[in-house]
Amino acid sequence: MIDPATLPPAPTAATRPHSFTTHGITVEDPWAWLRDPGYPTVTDEVVLDHLKAENAYFEAAMAPQGPLTDAIFAEMKARVKEDDASVPRRDGDWLYWWSYGTGEQYPRHWRRAVAGGPDQLILDEVAEAAGADFFRLGTLAVSPDGRWLAWSADRNGAERFTLRIRDLLTGADVETVSAVVNGGAAWSAGSDAVAYTEVNDNWRSFRARLHRLGGDPAADPTLYEEADEGFRVGVGATRDRQWLAIATGDNQTSEVRLVPAADPAAAPVLVSPRQVKRQYAVDSAHGRLWILTNDAHINFRVVSADPASPGTWEEVIAGSDRSYLTGIAAFDRHLLVTSRVDGLDQVTLRGWDGTATPVRFPEASYSVSPANNPEFAPDSYRLAYSSMVTPLTVFDCDPGTAALTTLKVQEVPSGYDPSRYRTERVTATARDGARVPVSVVYPAGFPRDGTGKLFLYAYGAYGHAIPPSFSSTRLSLLDRGWAYAIAHIRGGDDLGYGWYLGGKAEERRHTFEDFVDCAKGLIEQGFARAGGIAINGGSAGGELMGVVANTDPQLWGAVVADVPFVDVLNTMLDASLPLTPGEWPEWGNPIESADAFRLLQSYSPYDNVAAQDYPPMLITGGLNDPRVTYWEPAKWAARLRATKTDNNILLLKINMGAGHGGKSGRFEALHERAEAFSFVLGVMG
């Protein structure tokens with residue numbers, strides 16, 4: 001158990017007078033100094049010393065938990081097939097796959113000619129990451145002729161990737177294109193040029209450029225540059241590879257330009273000018289554009305257009321109140337349509353004659369999505385499937401019959417028996433009457449009398465649904481008698497786009513209330529008692545953790561907040577920070593709107609820490625994180641320490657060489673998860 005009484009005094013961050021007044025409201029921020037004025041470079045010794053002290057305190061507090069952390073990590077690692085490999089997938093004349101070696105943190109990427117021949121190593125992440133504290137692969141794109149590889153990597157967690165060109169005949173990198181890339185890369189039809197996006201000093205992907213092989217990268221022409229500070233640019237290619245697509249947008253509005261892949265220097269063609277709150281995405285097949293858009297229905301519809309007049313749209317699939325269209329992919333034989341009905345994933349093969357064949361799956365509750373499908377005319381459609389009790393399964397779907405063939409089931413080397421576990425999809429009633437679904441998995445024999453322990457996770461933002469999918473890591477809790485639940489709260493689009501809008505901006509409180517009401521509903525259904533629930537969320541989900549820790553601290557036995565977005569008001573007031581202008585549609589703009597200011601101030605976790613008892617808390621952050629800057633969790637922890645009235649443990653861990661995703665490497669990530677579970681067990685038993 002973690003006993004604060006046995007530890008040295010926790011670090012305290014000094015207060016320094018700092019205040020500002022906006023819309024006639026004065027805000028005191030005595031820990032503002034924890035933001036290094038030189039950010040994104042952090043060199044202030046006082047700031048660094050405080051973060052190091054917090055890390056030392058974390059290590060001291062977790063030291064007694066070391067054997068348990070090691071045991072949980074060993075369990076998690078034993079469930080990972082160390083010498084794993086993906087199912088090869090054809091792309092043109094080649095089969096591509098990745099593989100891991102025993103004990104290795106990173107994969108290797110391979111290919112083999114369809115006609116036969118030796119395996120060719122095209123990228124060795126193990127070698128690239130050797131000696132580095134952090135390594136994360138970005139894009140990996142082979143040219144249409146199979147000769148060149150465009151690949152990028154981030155080596156410090158700041159999400160500024162270096163893009164290189166590799167000659168696959170020799171295996172040598174022959175060009176460095178840019179060191180400030182973020183996003184994918186798209187090749188021209190002639191394999192002689194590659195499109196990519198660059199970020200500016202504020203980590204906004206603001207322009208798409210075109211690099212000609214052998215040319216001077218400094219002279220690369222700009223295909224498109226976005227002037228709106230809230231919009232970000234991305235590049236890709238249509239599935240038939242006729243067009244390079246340049247997309248720009250924020251969290252509610254999008255706009256797409258097309259460039260002929262055979263003539264990438266041609267002027268981009270605007271599909272349709274941006275309209276506020278209208279989104280659309282474009283694919284291409286059989287001389288037509290196929291477009292998914294929410295212009296006429298909140299749950300989207302599918303339209304088609306002639307590339308010669310791309311803004312003239314003809315309806316193909318109408319919008320539906322019940323069926324939420326989430327994606328389309330245009331193949332030679334079908335338009336593959338993904339949707340969600342009553343929160344459950346659906347896949348439909350729509351023939352070009354209008355016929356629609358649904359793909360049937362073996363369980364009542366599951367998660368499924370298209371997997372790696374690079375070819376326009378594949379022999380089958382690859383799908384990734386799992387449920388709360390079914391490990392990740394790779395299916396090939398027959399285009400003619402929609403029948404599924406199992407290619408691979410995630411192996412759990414230490415053993416996994418699904419009959420030992422039960423799963424349910426229950427509902428909780430929110431205080432405004434909304435019915436919120438919750439996916440729960442628990443060990444057979446779990447008590448439903450309130451005496452059990454429950455781990456409750458949620459995200460609830462950006463329309464990002466959390467699927468009821470399999471996780472081998474959570475078995476370490478289930479096998480210790482815990483239940484694990486995912487609350488599908490508003491702010492995500494689990495039940496449709498309206499479900500997302502119901503937790504966005506001025507409706508944001510529904511997200512927080514849904515989560516609390518889900519917890520209360522699970523208590524009513526006997527899964528736990530107040531104080532017997534550990535909660536977890538990261539990033540925007542970390543904001544959720546901060547809010548509910550302030551509003552309903554008595555419900556929680558432990559709080560784990562990963563890279564939490566908790567200094568909401570200050571961040572949304574600072575247009576110079578990474579991403580802030582692009583976030584205003586999601587949260588509101590407190591600079592221009594007094595109502596938005598008051599709303600953010602009313603729930604911002606940092607600004608609403610109260611003199612009350614809080615549950616034990618573990619907070620994490622990353623020094624190089626461009627999404628949630630390190631001082632947000634640091635300031636929040638400082639204010640909590642200075643204000644809360646309990647003696648419960650509060651730990652802050654800042655990854656000094658990582659960013660938003662934590663440490664890189666598959667086992668490092670597992671170890672951090674093991675630490676979180678060990679913390680929860682250490683404070684809740």
# chains A, B, ... in the order shown; residues from 1 in each chain; ligands from 1
>>> select_by_dssp(residues="range 476-638 of chain A", states="helix (DSSP H, G or I)", output="MDAnalysis selection string")
chainID A and resid 476:478 497:501 505:507 509:524 540:551 553:555 568:572 580:587 594:603 606:608 631:638
>>> residues_around(residues="Leu140 in chain A", least_positions_apart="2", cutoff="8 Å", atoms="only C-alpha atoms", output="list in words")
Leu137, Gly138, Val142, Leu149, Ala150, Trp151, Ser152, Gly184 and Ala185 of chain A
>>> write_last_selection(atoms="all heavy atoms", output="PDB file, in the first residue's frame")
ATOM      1  N   LEU A 137       7.720   6.330 -35.255  1.00  0.00           N
ATOM      2  CA  LEU A 137       7.580   6.386 -36.698  1.00  0.00           C
ATOM      3  C   LEU A 137       6.350   7.192 -37.071  1.00  0.00           C
ATOM      4  O   LEU A 137       5.303   7.085 -36.428  1.00  0.00           O
ATOM      5  CB  LEU A 137       7.457   4.964 -37.256  1.00  0.00           C
ATOM      6  CG  LEU A 137       7.369   4.832 -38.768  1.00  0.00           C
ATOM      7  CD1 LEU A 137       8.679   5.235 -39.432  1.00  0.00           C
ATOM      8  CD2 LEU A 137       6.989   3.398 -39.155  1.00  0.00           C
ATOM      9  N   GLY A 138       6.480   8.003 -38.103  1.00  0.00           N
ATOM     10  CA  GLY A 138       5.350   8.760 -38.624  1.00  0.00           C
ATOM     11  C   GLY A 138       4.788   8.081 -39.852  1.00  0.00           C
ATOM     12  O   GLY A 138       4.170   7.032 -39.783  1.00  0.00           O
ATOM     13  N   VAL A 142       5.457   3.928 -49.712  1.00  0.00           N
ATOM     14  CA  VAL A 142       6.253   3.451 -50.836  1.00  0.00           C
ATOM     15  C   VAL A 142       5.689   4.042 -52.125  1.00  0.00           C
ATOM     16  O   VAL A 142       4.468   4.120 -52.314  1.00  0.00           O
ATOM     17  CB  VAL A 142       6.237   1.910 -50.907  1.00  0.00           C
ATOM     18  CG1 VAL A 142       7.021   1.418 -52.121  1.00  0.00           C
ATOM     19  CG2 VAL A 142       6.815   1.322 -49.633  1.00  0.00           C
ATOM     20  N   LEU A 149      10.934   4.963 -50.787  1.00  0.00           N
ATOM     21  CA  LEU A 149      10.195   4.985 -49.521  1.00  0.00           C
ATOM     22  C   LEU A 149      10.288   6.376 -48.919  1.00  0.00           C
ATOM     23  O   LEU A 149      11.389   6.885 -48.678  1.00  0.00           O
ATOM     24  CB  LEU A 149      10.782   3.969 -48.535  1.00  0.00           C
ATOM     25  CG  LEU A 149      10.190   3.991 -47.116  1.00  0.00           C
ATOM     26  CD1 LEU A 149       8.755   3.476 -47.140  1.00  0.00           C
ATOM     27  CD2 LEU A 149      11.046   3.164 -46.153  1.00  0.00           C
ATOM     28  N   ALA A 150       9.122   7.004 -48.689  1.00  0.00           N
ATOM     29  CA  ALA A 150       9.068   8.246 -47.915  1.00  0.00           C
ATOM     30  C   ALA A 150       8.720   7.861 -46.483  1.00  0.00           C
ATOM     31  O   ALA A 150       7.696   7.216 -46.244  1.00  0.00           O
ATOM     32  CB  ALA A 150       8.025   9.197 -48.491  1.00  0.00           C
ATOM     33  N   TRP A 151       9.592   8.219 -45.548  1.00  0.00           N
ATOM     34  CA  TRP A 151       9.326   7.852 -44.161  1.00  0.00           C
ATOM     35  C   TRP A 151       9.731   8.993 -43.241  1.00  0.00           C
ATOM     36  O   TRP A 151      10.593   9.812 -43.571  1.00  0.00           O
ATOM     37  CB  TRP A 151      10.048   6.559 -43.792  1.00  0.00           C
ATOM     38  CG  TRP A 151      11.545   6.659 -43.652  1.00  0.00           C
ATOM     39  CD1 TRP A 151      12.472   6.691 -44.659  1.00  0.00           C
ATOM     40  CD2 TRP A 151      12.280   6.737 -42.423  1.00  0.00           C
ATOM     41  NE1 TRP A 151      13.746   6.790 -44.152  1.00  0.00           N
ATOM     42  CE2 TRP A 151      13.661   6.808 -42.779  1.00  0.00           C
ATOM     43  CE3 TRP A 151      11.909   6.743 -41.077  1.00  0.00           C
ATOM     44  CZ2 TRP A 151      14.662   6.901 -41.805  1.00  0.00           C
ATOM     45  CZ3 TRP A 151      12.912   6.819 -40.122  1.00  0.00           C
ATOM     46  CH2 TRP A 151      14.263   6.899 -40.485  1.00  0.00           C
ATOM     47  N   SER A 152       9.091   9.060 -42.091  1.00  0.00           N
ATOM     48  CA  SER A 152       9.369  10.139 -41.150  1.00  0.00           C
ATOM     49  C   SER A 152       9.435   9.593 -39.732  1.00  0.00           C
ATOM     50  O   SER A 152       8.864   8.542 -39.429  1.00  0.00           O
ATOM     51  CB  SER A 152       8.302  11.237 -41.241  1.00  0.00           C
ATOM     52  OG  SER A 152       7.028  10.746 -40.864  1.00  0.00           O
ATOM     53  N   GLY A 184       0.873  12.617 -43.127  1.00  0.00           N
ATOM     54  CA  GLY A 184       1.256  11.629 -44.111  1.00  0.00           C
ATOM     55  C   GLY A 184       2.021  12.215 -45.274  1.00  0.00           C
ATOM     56  O   GLY A 184       2.328  13.409 -45.332  1.00  0.00           O
ATOM     57  N   ALA A 185       2.330  11.342 -46.220  1.00  0.00           N
ATOM     58  CA  ALA A 185       2.981  11.729 -47.465  1.00  0.00           C
ATOM     59  C   ALA A 185       2.258  11.022 -48.598  1.00  0.00           C
ATOM     60  O   ALA A 185       1.818   9.884 -48.447  1.00  0.00           O
ATOM     61  CB  ALA A 185       4.459  11.351 -47.448  1.00  0.00           C
TER      62      ALA A 185
END
>>> residues_around(residues="range 672-678 of chain A", least_positions_apart="5", cutoff="6 Å", atoms="only C-alpha atoms", output="list in words")
Thr69, Ile72 and Phe73 of chain A
>>> residues_around(residues="range 299-312 of chain A", least_positions_apart="4", cutoff="8 Å", atoms="only C-alpha atoms", output="compact mmCIF listing (two decimals) with N, CA and C atoms, in the first residue's frame")
# COMPACT_ATOMS: atom_id res chain seq x y z
N LEU A 270 -10.43 23.25 -56.12
CA LEU A 270 -11.25 23.28 -54.91
C LEU A 270 -12.54 22.51 -55.16
N VAL A 271 -12.81 21.51 -54.31
CA VAL A 271 -14.03 20.72 -54.48
C VAL A 271 -15.26 21.56 -54.15
N SER A 272 -15.25 22.20 -52.99
CA SER A 272 -16.35 23.07 -52.59
C SER A 272 -15.85 24.00 -51.50
N GLY A 287 -14.24 7.51 -62.35
CA GLY A 287 -14.44 8.82 -62.94
C GLY A 287 -15.36 9.73 -62.17
N ARG A 288 -15.71 9.38 -60.93
CA ARG A 288 -16.58 10.21 -60.10
C ARG A 288 -15.92 10.46 -58.75
N LEU A 289 -16.33 11.54 -58.12
CA LEU A 289 -15.95 11.80 -56.75
C LEU A 289 -17.07 11.31 -55.84
N TRP A 290 -16.68 10.68 -54.73
CA TRP A 290 -17.63 10.16 -53.75
C TRP A 290 -17.35 10.86 -52.44
N ILE A 291 -18.37 11.52 -51.90
CA ILE A 291 -18.17 12.51 -50.84
C ILE A 291 -19.07 12.18 -49.65
N LEU A 292 -18.48 12.15 -48.48
CA LEU A 292 -19.22 12.00 -47.22
C LEU A 292 -19.34 13.38 -46.59
N THR A 293 -20.56 13.80 -46.30
CA THR A 293 -20.75 15.17 -45.81
C THR A 293 -21.94 15.26 -44.85
N ASN A 294 -21.87 16.27 -43.99
CA ASN A 294 -22.98 16.54 -43.06
C ASN A 294 -23.76 17.78 -43.47
N ASP A 295 -23.74 18.11 -44.75
CA ASP A 295 -24.38 19.35 -45.20
C ASP A 295 -25.89 19.34 -45.05
N VAL A 316 -26.42 10.10 -53.05
CA VAL A 316 -26.28 8.67 -53.28
C VAL A 316 -26.88 7.89 -52.11
N ILE A 317 -26.55 8.29 -50.89
CA ILE A 317 -27.11 7.69 -49.68
C ILE A 317 -27.62 8.82 -48.81
N ALA A 318 -28.89 8.80 -48.50
CA ALA A 318 -29.49 9.86 -47.69
C ALA A 318 -29.08 9.73 -46.23
N GLY A 319 -29.12 10.85 -45.54
CA GLY A 319 -28.87 10.84 -44.11
C GLY A 319 -29.97 10.13 -43.35
N SER A 320 -29.64 9.64 -42.15
CA SER A 320 -30.60 8.85 -41.37
C SER A 320 -30.50 9.24 -39.90
N ASP A 321 -31.64 9.34 -39.25
CA ASP A 321 -31.64 9.63 -37.82
C ASP A 321 -31.04 8.47 -37.03
N SER A 323 -28.98 5.72 -38.48
CA SER A 323 -27.69 5.24 -38.96
C SER A 323 -26.74 6.41 -39.14
N TYR A 324 -25.69 6.41 -38.38
CA TYR A 324 -24.68 7.47 -38.41
C TYR A 324 -23.55 7.03 -39.33
N LEU A 325 -23.41 7.69 -40.48
CA LEU A 325 -22.38 7.34 -41.45
C LEU A 325 -21.04 7.88 -40.98
N THR A 326 -20.06 6.99 -40.81
CA THR A 326 -18.77 7.40 -40.25
C THR A 326 -17.63 7.39 -41.26
N GLY A 496 -23.89 8.86 -32.54
CA GLY A 496 -24.18 9.76 -33.65
C GLY A 496 -23.54 11.12 -33.45
N TYR A 497 -23.58 11.90 -34.53
CA TYR A 497 -22.93 13.21 -34.48
C TYR A 497 -23.61 14.13 -33.47
N GLY A 498 -24.91 13.97 -33.29
CA GLY A 498 -25.61 14.77 -32.29
C GLY A 498 -25.14 14.47 -30.88
>>> closest_residue(among="A:Ile466, A:Ile298, A:Ala364, A:Ala13", to="Asp49 in chain A", atoms="only C-alpha atoms")
A:Ala13
>>> closest_atom_pairs(of="range 602-645 of chain A", to="range 530-540 of chain A", cutoff="10 Å", atoms="only C-alpha atoms", output="JSON lines")
{"residue": "A:Pro615", "atom": "CA", "partner": "A:Gly531", "partner_atom": "CA", "distance": 8.4}
{"residue": "A:Pro616", "atom": "CA", "partner": "A:Ala534", "partner_atom": "CA", "distance": 9.6}
{"residue": "A:Met617", "atom": "CA", "partner": "A:Ile535", "partner_atom": "CA", "distance": 9.7}
{"residue": "A:Leu618", "atom": "CA", "partner": "A:Asn536", "partner_atom": "CA", "distance": 9.6}
{"residue": "A:Ile619", "atom": "CA", "partner": "A:Gly538", "partner_atom": "CA", "distance": 9.7}
{"residue": "A:Thr620", "atom": "CA", "partner": "A:Gly538", "partner_atom": "CA", "distance": 9.1}
{"residue": "A:Gly621", "atom": "CA", "partner": "A:Ser539", "partner_atom": "CA", "distance": 9.4}
{"residue": "A:Arg627", "atom": "CA", "partner": "A:Ser539", "partner_atom": "CA", "distance": 8.3}
{"residue": "A:Val628", "atom": "CA", "partner": "A:Ser539", "partner_atom": "CA", "distance": 6.9}
>>> residues_around(residues="His18 in chain A", least_positions_apart="2", cutoff="8 Å", atoms="only C-alpha atoms", output="list in words")
Arg16, Phe20, Glu28, Asp29, Pro30, Trp31 and Ala32 of chain A
>>> write_last_selection(atoms="all heavy atoms", output="compact mmCIF listing (two decimals), in the first residue's frame")
# COMPACT_ATOMS: atom_id res chain seq x y z
N ARG A 16 3.72 32.96 -6.85
CA ARG A 16 4.21 34.27 -7.27
C ARG A 16 3.00 35.06 -7.78
O ARG A 16 2.24 34.56 -8.60
CB ARG A 16 5.24 34.15 -8.39
CG ARG A 16 6.49 33.36 -8.01
CD ARG A 16 7.46 33.29 -9.18
NE ARG A 16 8.59 32.40 -8.89
CZ ARG A 16 9.54 32.11 -9.77
NH1 ARG A 16 9.49 32.65 -11.01
NH2 ARG A 16 10.52 31.30 -9.45
N PHE A 20 -4.68 38.54 -14.20
CA PHE A 20 -5.06 39.22 -15.43
C PHE A 20 -6.56 39.45 -15.39
O PHE A 20 -7.30 38.78 -14.64
CB PHE A 20 -4.68 38.41 -16.67
CG PHE A 20 -5.32 37.05 -16.74
CD1 PHE A 20 -6.55 36.86 -17.36
CD2 PHE A 20 -4.70 35.94 -16.18
CE1 PHE A 20 -7.14 35.61 -17.42
CE2 PHE A 20 -5.28 34.68 -16.24
CZ PHE A 20 -6.51 34.51 -16.86
N GLU A 28 -6.71 35.12 -10.70
CA GLU A 28 -5.43 34.96 -10.03
C GLU A 28 -4.79 33.65 -10.48
O GLU A 28 -5.44 32.61 -10.49
CB GLU A 28 -5.62 34.94 -8.50
CG GLU A 28 -6.27 36.20 -7.93
CD GLU A 28 -5.37 37.41 -8.01
OE1 GLU A 28 -4.13 37.24 -8.10
OE2 GLU A 28 -5.90 38.54 -7.97
N ASP A 29 -3.51 33.73 -10.85
CA ASP A 29 -2.81 32.54 -11.34
C ASP A 29 -1.41 32.50 -10.73
O ASP A 29 -0.41 32.77 -11.39
CB ASP A 29 -2.73 32.59 -12.86
CG ASP A 29 -2.17 31.30 -13.46
OD1 ASP A 29 -1.93 30.35 -12.69
OD2 ASP A 29 -1.97 31.25 -14.68
N PRO A 30 -1.30 32.14 -9.45
CA PRO A 30 -0.02 32.23 -8.75
C PRO A 30 1.02 31.20 -9.17
O PRO A 30 2.16 31.27 -8.73
CB PRO A 30 -0.41 32.05 -7.28
CG PRO A 30 -1.69 31.28 -7.32
CD PRO A 30 -2.40 31.73 -8.55
N TRP A 31 0.63 30.23 -10.00
CA TRP A 31 1.61 29.24 -10.47
C TRP A 31 1.90 29.40 -11.96
O TRP A 31 2.43 28.49 -12.60
CB TRP A 31 1.12 27.82 -10.16
CG TRP A 31 1.16 27.54 -8.68
CD1 TRP A 31 2.24 27.17 -7.93
CD2 TRP A 31 0.06 27.63 -7.78
NE1 TRP A 31 1.90 27.02 -6.61
CE2 TRP A 31 0.55 27.30 -6.49
CE3 TRP A 31 -1.29 27.97 -7.91
CZ2 TRP A 31 -0.26 27.29 -5.36
CZ3 TRP A 31 -2.09 27.96 -6.79
CH2 TRP A 31 -1.58 27.62 -5.53
N ALA A 32 1.60 30.57 -12.49
CA ALA A 32 1.86 30.84 -13.91
C ALA A 32 3.35 30.73 -14.23
O ALA A 32 3.72 30.43 -15.38
CB ALA A 32 1.34 32.22 -14.29
>>> residues_around(residues="Gln601 in chain A", least_positions_apart="3", cutoff="12 Å", atoms="only C-alpha atoms", output="mmCIF file with C-alpha atoms, in the first residue's frame")
data_model
loop_
_atom_site.group_PDB
_atom_site.id
_atom_site.type_symbol
_atom_site.label_atom_id
_atom_site.label_comp_id
_atom_site.auth_asym_id
_atom_site.auth_seq_id
_atom_site.Cartn_x
_atom_site.Cartn_y
_atom_site.Cartn_z
ATOM 1 C CA THR A 22 -10.612 39.781 -19.137
ATOM 2 C CA HIS A 23 -14.255 40.773 -19.725
ATOM 3 C CA ILE A 25 -13.217 39.424 -14.527
ATOM 4 C CA THR A 26 -9.900 39.170 -12.685
ATOM 5 C CA VAL A 27 -8.209 35.784 -12.480
ATOM 6 C CA GLU A 28 -5.426 34.965 -10.027
ATOM 7 C CA VAL A 547 -13.702 18.319 -13.420
ATOM 8 C CA VAL A 566 -6.738 21.053 -17.061
ATOM 9 C CA ASP A 567 -5.593 24.671 -17.462
ATOM 10 C CA VAL A 568 -8.424 25.190 -19.912
ATOM 11 C CA LEU A 569 -9.119 28.882 -19.438
ATOM 12 C CA ASN A 570 -5.513 30.024 -19.689
ATOM 13 C CA THR A 571 -4.826 27.825 -22.709
ATOM 14 C CA MET A 572 -7.893 28.991 -24.627
ATOM 15 C CA LEU A 573 -6.952 32.619 -23.876
ATOM 16 C CA TRP A 587 -14.381 24.618 -26.433
ATOM 17 C CA GLY A 588 -15.405 28.210 -27.204
ATOM 18 C CA ASN A 589 -13.375 31.390 -27.679
ATOM 19 C CA PRO A 590 -12.990 33.199 -24.344
ATOM 20 C CA ALA A 594 -17.598 36.787 -22.351
ATOM 21 C CA ASP A 595 -20.067 33.897 -22.186
ATOM 22 C CA ALA A 596 -17.384 31.463 -23.341
ATOM 23 C CA PHE A 597 -14.978 32.947 -20.797
ATOM 24 C CA ARG A 598 -17.431 32.440 -17.955
ATOM 25 C CA SER A 604 -11.675 24.573 -15.795
ATOM 26 C CA PRO A 605 -10.158 22.039 -13.366
ATOM 27 C CA TYR A 606 -7.177 24.214 -12.400
ATOM 28 C CA ASP A 607 -9.396 27.226 -11.694
ATOM 29 C CA ASN A 608 -11.905 25.257 -9.628
ATOM 30 C CA VAL A 609 -9.703 23.374 -7.176
#
>>> residues_around(residues="Gly481 in chain A", least_positions_apart="4", cutoff="12 Å", atoms="only C-alpha atoms", output="JSON, numbers by chain")
{"A": [420, 421, 441, 442, 443, 444, 445, 446, 447, 448, 451, 452, 453, 454, 455, 474, 475, 476, 477, 527, 528, 681, 685]}
>>> decode(residues="range 114-121 of chain A", atoms="all heavy atoms", output="PDB file, in the first residue's frame")
ATOM      1  N   VAL A 114       5.405 -10.385 -55.034  1.00  0.00           N
ATOM      2  CA  VAL A 114       4.307 -11.328 -55.194  1.00  0.00           C
ATOM      3  C   VAL A 114       4.756 -12.510 -56.047  1.00  0.00           C
ATOM      4  O   VAL A 114       4.361 -13.662 -55.809  1.00  0.00           O
ATOM      5  CB  VAL A 114       3.088 -10.624 -55.832  1.00  0.00           C
ATOM      6  CG1 VAL A 114       1.995 -11.633 -56.168  1.00  0.00           C
ATOM      7  CG2 VAL A 114       2.554  -9.541 -54.895  1.00  0.00           C
ATOM      8  N   ALA A 115       5.608 -12.234 -56.999  1.00  0.00           N
ATOM      9  CA  ALA A 115       6.087 -13.289 -57.890  1.00  0.00           C
ATOM     10  C   ALA A 115       7.075 -14.223 -57.217  1.00  0.00           C
ATOM     11  O   ALA A 115       7.451 -15.252 -57.790  1.00  0.00           O
ATOM     12  CB  ALA A 115       6.732 -12.661 -59.126  1.00  0.00           C
ATOM     13  N   GLY A 116       7.492 -13.887 -56.018  1.00  0.00           N
ATOM     14  CA  GLY A 116       8.439 -14.722 -55.294  1.00  0.00           C
ATOM     15  C   GLY A 116       9.784 -14.041 -55.158  1.00  0.00           C
ATOM     16  O   GLY A 116      10.086 -13.053 -55.827  1.00  0.00           O
ATOM     17  N   GLY A 117      10.593 -14.550 -54.249  1.00  0.00           N
ATOM     18  CA  GLY A 117      11.895 -13.962 -53.999  1.00  0.00           C
ATOM     19  C   GLY A 117      12.123 -13.772 -52.521  1.00  0.00           C
ATOM     20  O   GLY A 117      11.285 -14.126 -51.682  1.00  0.00           O
ATOM     21  N   PRO A 118      13.262 -13.194 -52.150  1.00  0.00           N
ATOM     22  CA  PRO A 118      13.598 -13.054 -50.737  1.00  0.00           C
ATOM     23  C   PRO A 118      12.814 -11.938 -50.061  1.00  0.00           C
ATOM     24  O   PRO A 118      12.303 -11.024 -50.714  1.00  0.00           O
ATOM     25  CB  PRO A 118      15.097 -12.720 -50.786  1.00  0.00           C
ATOM     26  CG  PRO A 118      15.268 -12.010 -52.100  1.00  0.00           C
ATOM     27  CD  PRO A 118      14.320 -12.700 -53.045  1.00  0.00           C
ATOM     28  N   ASP A 119      12.709 -12.020 -48.734  1.00  0.00           N
ATOM     29  CA  ASP A 119      12.145 -10.928 -47.950  1.00  0.00           C
ATOM     30  C   ASP A 119      13.112  -9.751 -47.976  1.00  0.00           C
ATOM     31  O   ASP A 119      14.332  -9.923 -47.860  1.00  0.00           O
ATOM     32  CB  ASP A 119      11.919 -11.360 -46.503  1.00  0.00           C
ATOM     33  CG  ASP A 119      10.894 -12.474 -46.383  1.00  0.00           C
ATOM     34  OD1 ASP A 119      10.200 -12.748 -47.382  1.00  0.00           O
ATOM     35  OD2 ASP A 119      10.804 -13.077 -45.292  1.00  0.00           O
ATOM     36  N   GLN A 120      12.558  -8.544 -48.103  1.00  0.00           N
ATOM     37  CA  GLN A 120      13.380  -7.337 -48.130  1.00  0.00           C
ATOM     38  C   GLN A 120      13.026  -6.458 -46.939  1.00  0.00           C
ATOM     39  O   GLN A 120      11.861  -6.099 -46.747  1.00  0.00           O
ATOM     40  CB  GLN A 120      13.161  -6.559 -49.425  1.00  0.00           C
ATOM     41  CG  GLN A 120      13.978  -5.272 -49.502  1.00  0.00           C
ATOM     42  CD  GLN A 120      13.649  -4.428 -50.722  1.00  0.00           C
ATOM     43  OE1 GLN A 120      12.776  -4.770 -51.517  1.00  0.00           O
ATOM     44  NE2 GLN A 120      14.350  -3.313 -50.884  1.00  0.00           N
ATOM     45  N   LEU A 121      14.008  -6.116 -46.155  1.00  0.00           N
ATOM     46  CA  LEU A 121      13.816  -5.205 -45.025  1.00  0.00           C
ATOM     47  C   LEU A 121      13.814  -3.775 -45.560  1.00  0.00           C
ATOM     48  O   LEU A 121      14.820  -3.312 -46.102  1.00  0.00           O
ATOM     49  CB  LEU A 121      14.935  -5.394 -44.008  1.00  0.00           C
ATOM     50  CG  LEU A 121      14.902  -4.507 -42.761  1.00  0.00           C
ATOM     51  CD1 LEU A 121      13.645  -4.753 -41.943  1.00  0.00           C
ATOM     52  CD2 LEU A 121      16.154  -4.750 -41.913  1.00  0.00           C
TER      53      LEU A 121
END
